[in-house]
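Q: Dropping the structure in here first, questions after.
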2 protein chains.
Amino acid sequence: MTQAPRRKRDSAATKEALLQAASELFTERGFSATTVRDVAARAGVNQALLFRYFGSKQELFAAVLTRNNEQVIAELSAEELPRQLLINLLDSAEPNGEHPLVAMLRSWSDERAAEMLRGELGDRYTERLAELTDADDARLRADLVLAWVFGIGMVRSVLGKSPLSEADPEVIVRYVTRAASALLERTDLSDDR
Amino acid sequence: MTQAPRRKRDSAATKEALLQAASELFTERGFSATTVRDVAARAGVNQALLFRYFGSKQELFAAVLTRNNEQVIAELSAEELPRQLLINLLDSAEPNGEHPLVAMLRSWSDERAAEMLRGELGDRYTERLAELTDADDARLRADLVLAWVFGIGMVRSVLGKSPLSEADPEVIVRYVTRAASALLERTDLSDDR
DNA sequence: TGACCTTGTGAGCGAGTGCTTACAAACGCT
DNA sequence: AGCGTTTGTAAGCACTCGCTCACAAGGTCA
């Protein structure tokens, strides 16, 4: 009987397949509910390679998080951030939707995963949002808005609680940006269409 | 050598000890990071009794959640709810603080635990908050406020992210209630001191 | 006292976890 | 061809988890 066909020798493609599979699974199930065997299986890769290339499950998670979020933060201007963050998060309520933030939200309560959110990653979003106001406690106000976005993502995408999970994204965005303008008191935020 | 002294025969006290220990541990670590061995150890009880009295770890979690939250919901009027929810949550940032909600927040991403939050429990808070406005999408607005409270609790108590985690509770409450009054459009909510 | 039910105990089963190791095959090089 | 290095594979180690079970000890009632 013939053995299973070997993979082509291509370490770059293997790493990429692992990252992609890990990104999907962490988004779907969160950090602790995702096993390295699942990741390797979806990537079509022997699980030992996961450890050869990333060292540990935790380091793999870190690689996924930074890779996905670097992009989001870099691409968006401060003015668009809260609005786009929300829109992306709300759109990804669809089962195949896959926003980087959802992986973070689903892994929130895991202590090892939380360390990365608490650190540099979360602060990046805060700094960006803080640019929107000139109040002296700008970063606190930014954190409050960020907490709101996270909370909405939690209740809607992770919990799936109605009526929030069924509501029209447009309506939510309008409500939130309007109320948030009471916090980030520059007029150019209230550009709700 | 003498054997470890046996527990007194008192099923009620044993159940209560298990519930209390479980409540503490679920609050500190969340559902999935808490093991039945931990619970039994802190309660000073053989772990087999946990299963005799509660059937499974999941049923124990349900017992803790309903027990703790019934009290909170029943005690507070609708007008006080958002403010008190926030204050309790913010005060419990102290290491020994132990608000029922924190156990929920820490177990958020666990699918089995989330079922209970999604169901009756979360709706109870929503209904209560929806009483505050007469808008036709009252429950959606209530969910948005609830999501904000949850988000703040997450970022502050679970993540421990600064500056939100170090901020003065009074300031946070003032900001939030003021901005939330743009959502729940009755004037009697803006009673910020 | 002895039968019976309730409560507490220790040991361990079966499954799943992250991770390691010994080895085989494919490649680049001289 | 022969060599060393890189990439892929199969197996399993060591551990933790939720949960079960056979049994011992305390209590009640006849």
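By convention here, the chains of the structure tokens are called A, B, ... in the order presented, each chain's residues are numbered starting at 1, and ligands are numbered starting at 1 in the order presented.
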Residues of chain A that have any atom at most 6 Å from an atom of chain B: could you tabulate them with the shortest-distance atom pair and the distance in Å to one decimal, using only C-alpha atoms, ordered by chain and increasing number, as a Markdown table?
A:
```
| residue | atom | partner | partner_atom | distance |
| --- | --- | --- | --- | --- |
| A:Arg106 | CA | B:Ser109 | CA | 5.1 |
| A:Ser109 | CA | B:Arg106 | CA | 5.1 |
| A:Arg118 | CA | B:Lys161 | CA | 5.3 |
| A:Leu140 | CA | B:Pro163 | CA | 5.7 |
| A:Ala147 | CA | B:Gly151 | CA | 4.6 |
| A:Trp148 | CA | B:Trp148 | CA | 4.5 |
| A:Phe150 | CA | B:Gly151 | CA | 5.7 |
| A:Gly151 | CA | B:Gly151 | CA | 3.8 |
| A:Ile152 | CA | B:Ala147 | CA | 5.1 |
| A:Lys161 | CA | B:Arg118 | CA | 5.3 |
| A:Pro163 | CA | B:Leu140 | CA | 5.6 |
| A:Leu164 | CA | B:Leu140 | CA | 5.8 |
| A:Ala179 | CA | B:Ala179 | CA | 5.3 |
| A:Ala182 | CA | B:Ala179 | CA | 5.7 |
```
Q: Include N, CA and C atoms and write out the residues we just selected as a JSON list (two decimals), in the first residue's frame.
A:
```json
[["chain", "number", "residue", "atom", "x", "y", "z"],
["A", 106, "ARG", "N", -12.00, 36.56, 21.41],
["A", 106, "ARG", "CA", -12.28, 35.20, 21.84],
["A", 106, "ARG", "C", -11.21, 34.66, 22.79],
["A", 109, "SER", "N", -9.96, 36.04, 27.81],
["A", 109, "SER", "CA", -9.86, 35.59, 29.20],
["A", 109, "SER", "C", -8.67, 34.68, 29.44],
["A", 118, "ARG", "N", -2.74, 43.35, 26.60],
["A", 118, "ARG", "CA", -2.48, 44.36, 27.62],
["A", 118, "ARG", "C", -1.28, 45.21, 27.21],
["A", 140, "LEU", "N", -7.44, 58.24, 28.52],
["A", 140, "LEU", "CA", -8.53, 57.60, 29.25],
["A", 140, "LEU", "C", -9.80, 57.59, 28.40],
["A", 147, "ALA", "N", -13.04, 50.44, 24.79],
["A", 147, "ALA", "CA", -13.76, 49.45, 25.59],
["A", 147, "ALA", "C", -15.16, 49.24, 25.05],
["A", 148, "TRP", "N", -15.74, 50.31, 24.56],
["A", 148, "TRP", "CA", -17.09, 50.18, 24.01],
["A", 148, "TRP", "C", -17.07, 49.32, 22.75],
["A", 150, "PHE", "N", -14.87, 47.10, 21.92],
["A", 150, "PHE", "CA", -14.61, 45.73, 22.33],
["A", 150, "PHE", "C", -15.88, 45.09, 22.91],
["A", 151, "GLY", "N", -16.57, 45.83, 23.77],
["A", 151, "GLY", "CA", -17.77, 45.29, 24.39],
["A", 151, "GLY", "C", -18.82, 44.91, 23.37],
["A", 152, "ILE", "N", -19.01, 45.80, 22.40],
["A", 152, "ILE", "CA", -19.99, 45.52, 21.34],
["A", 152, "ILE", "C", -19.57, 44.28, 20.56],
["A", 161, "LYS", "N", -25.56, 37.67, 21.29],
["A", 161, "LYS", "CA", -26.78, 37.98, 22.04],
["A", 161, "LYS", "C", -27.66, 38.96, 21.26],
["A", 163, "PRO", "N", -30.86, 41.66, 21.15],
["A", 163, "PRO", "CA", -31.04, 42.12, 19.77],
["A", 163, "PRO", "C", -29.76, 42.68, 19.13],
["A", 164, "LEU", "N", -28.70, 42.81, 19.90],
["A", 164, "LEU", "CA", -27.51, 43.43, 19.34],
["A", 164, "LEU", "C", -26.95, 42.65, 18.15],
["A", 179, "ALA", "N", -22.81, 59.11, 20.32],
["A", 179, "ALA", "CA", -22.59, 59.16, 21.77],
["A", 179, "ALA", "C", -21.11, 59.36, 22.10],
["A", 182, "ALA", "N", -19.59, 62.79, 22.47],
["A", 182, "ALA", "CA", -19.70, 63.48, 23.75],
["A", 182, "ALA", "C", -18.42, 63.27, 24.55]]
```
Q: Write out as a tab-separated table a residue-level contact list of chain C versus chain B with cut-off 8 Å: for each qualifying residue the closest pair of atoms and the distance in Å to one decimal, counting only C-alpha atoms (C1' of nucleotides), rows sorted by chain and residue number upward.
A:
```
residue	atom	partner	partner_atom	distance
C:DT7	C1'	B:Arg9	CA	5.8
C:DG8	C1'	B:Arg7	CA	7.0
C:DT9	C1'	B:Asn46	CA	7.0
```
Q: Save out the residues we just selected, all heavy atoms, as an mmCIF file, in the first residue's frame.
A:
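Printed below is again01.cif as written:
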```cif
data_model
loop_
_atom_site.group_PDB
_atom_site.id
_atom_site.type_symbol
_atom_site.label_atom_id
_atom_site.label_comp_id
_atom_site.auth_asym_id
_atom_site.auth_seq_id
_atom_site.Cartn_x
_atom_site.Cartn_y
_atom_site.Cartn_z
ATOM 1 P P DT C 7 -26.797 13.478 52.659
ATOM 2 O OP1 DT C 7 -27.275 14.720 53.306
ATOM 3 O OP2 DT C 7 -26.995 13.235 51.231
ATOM 4 O "O5'" DT C 7 -25.253 13.315 52.992
ATOM 5 C "C5'" DT C 7 -24.800 13.483 54.345
ATOM 6 C "C4'" DT C 7 -23.356 13.070 54.469
ATOM 7 O "O4'" DT C 7 -23.214 11.674 54.116
ATOM 8 C "C3'" DT C 7 -22.393 13.825 53.541
ATOM 9 O "O3'" DT C 7 -21.438 14.485 54.337
ATOM 10 C "C2'" DT C 7 -21.754 12.741 52.668
ATOM 11 C "C1'" DT C 7 -21.971 11.492 53.518
ATOM 12 N N1 DT C 7 -22.032 10.207 52.752
ATOM 13 C C2 DT C 7 -21.119 9.229 53.038
ATOM 14 O O2 DT C 7 -20.249 9.349 53.873
ATOM 15 N N3 DT C 7 -21.263 8.077 52.295
ATOM 16 C C4 DT C 7 -22.218 7.838 51.323
ATOM 17 O O4 DT C 7 -22.253 6.767 50.725
ATOM 18 C C5 DT C 7 -23.143 8.909 51.082
ATOM 19 C C7 DT C 7 -24.209 8.745 50.049
ATOM 20 C C6 DT C 7 -23.010 10.043 51.802
ATOM 21 P P DG C 8 -20.261 15.360 53.656
ATOM 22 O OP1 DG C 8 -19.875 16.436 54.590
ATOM 23 O OP2 DG C 8 -20.688 15.667 52.286
ATOM 24 O "O5'" DG C 8 -19.053 14.324 53.595
ATOM 25 C "C5'" DG C 8 -18.408 13.937 54.810
ATOM 26 C "C4'" DG C 8 -17.306 12.934 54.522
ATOM 27 O "O4'" DG C 8 -17.883 11.778 53.851
ATOM 28 C "C3'" DG C 8 -16.194 13.444 53.601
ATOM 29 O "O3'" DG C 8 -14.946 13.206 54.215
ATOM 30 C "C2'" DG C 8 -16.372 12.624 52.312
ATOM 31 C "C1'" DG C 8 -17.004 11.352 52.846
ATOM 32 N N9 DG C 8 -17.794 10.618 51.861
ATOM 33 C C8 DG C 8 -18.913 11.055 51.209
ATOM 34 N N7 DG C 8 -19.423 10.173 50.379
ATOM 35 C C5 DG C 8 -18.581 9.084 50.500
ATOM 36 C C6 DG C 8 -18.619 7.825 49.854
ATOM 37 O O6 DG C 8 -19.429 7.416 49.023
ATOM 38 N N1 DG C 8 -17.559 6.992 50.265
ATOM 39 C C2 DG C 8 -16.606 7.353 51.173
ATOM 40 N N2 DG C 8 -15.681 6.445 51.444
ATOM 41 N N3 DG C 8 -16.553 8.526 51.796
ATOM 42 C C4 DG C 8 -17.572 9.336 51.405
ATOM 43 P P DT C 9 -13.616 13.693 53.544
ATOM 44 O OP1 DT C 9 -12.687 14.055 54.620
ATOM 45 O OP2 DT C 9 -13.941 14.668 52.492
ATOM 46 O "O5'" DT C 9 -13.085 12.373 52.847
ATOM 47 C "C5'" DT C 9 -12.927 11.214 53.645
ATOM 48 C "C4'" DT C 9 -12.253 10.111 52.850
ATOM 49 O "O4'" DT C 9 -13.248 9.461 52.008
ATOM 50 C "C3'" DT C 9 -11.156 10.599 51.896
ATOM 51 O "O3'" DT C 9 -9.958 9.958 52.251
ATOM 52 C "C2'" DT C 9 -11.641 10.193 50.494
ATOM 53 C "C1'" DT C 9 -12.649 9.109 50.780
ATOM 54 N N1 DT C 9 -13.752 9.025 49.786
ATOM 55 C C2 DT C 9 -13.904 7.871 49.052
ATOM 56 O O2 DT C 9 -13.174 6.896 49.174
ATOM 57 N N3 DT C 9 -14.950 7.898 48.160
ATOM 58 C C4 DT C 9 -15.831 8.947 47.943
ATOM 59 O O4 DT C 9 -16.740 8.852 47.126
ATOM 60 C C5 DT C 9 -15.608 10.115 48.742
ATOM 61 C C7 DT C 9 -16.506 11.311 48.583
ATOM 62 C C6 DT C 9 -14.584 10.102 49.610
#
```
Q: Residues of chain B within 8 Å of chain D, counting only C-alpha atoms (C1' of nucleotides), what are they? List them as a list in words.
A: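 Therefore, the residues near the partner are Arg9, Thr35, Val36, Phe51 and Lys57 of chain B.
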Q: What is the atom CA of A:Leu85-atom CA of A:Val102 distance in Å, reported with one decimal?
A: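 So the answer is 11.1 Å.
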Q: Could you name the residues that touch A:Ile87 at 12 Å or less, counting only C-alpha atoms (C1' of nucleotides), but leaving out those on the same chain fewer than 2 positions away, as a list in words?
A: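 Those residues are Glu80, Leu81, Pro82, Arg83, Gln84, Leu85, Leu89, Leu90, Asp91, Ser92, Ala93, Gly97, His99, Leu101, Val149, Ile152, Gly153, Asp168, Pro169, Glu170, Val171, Ile172, Val173, Arg174, Val176 and Thr177 of chain A.
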Q: So that I can check the secondary structure, give me every residue of stretch 43-188 of chain A assigned helix (DSSP H, G or I) by backbone DSSP, as an MDAnalysis selection string.
A: chainID A and resid 43 47:54 57:75 81:91 100:106 111:130 138:159 164:166 169:180 187:188
Q: Just how far from atom CA of A:Ser23 is atom CA of A:Arg112, in Å to one decimal?
A: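 Taking atom CA of A:Arg112 as the start and atom CA of A:Ser23 as the end point, the length is 16.7 Å.
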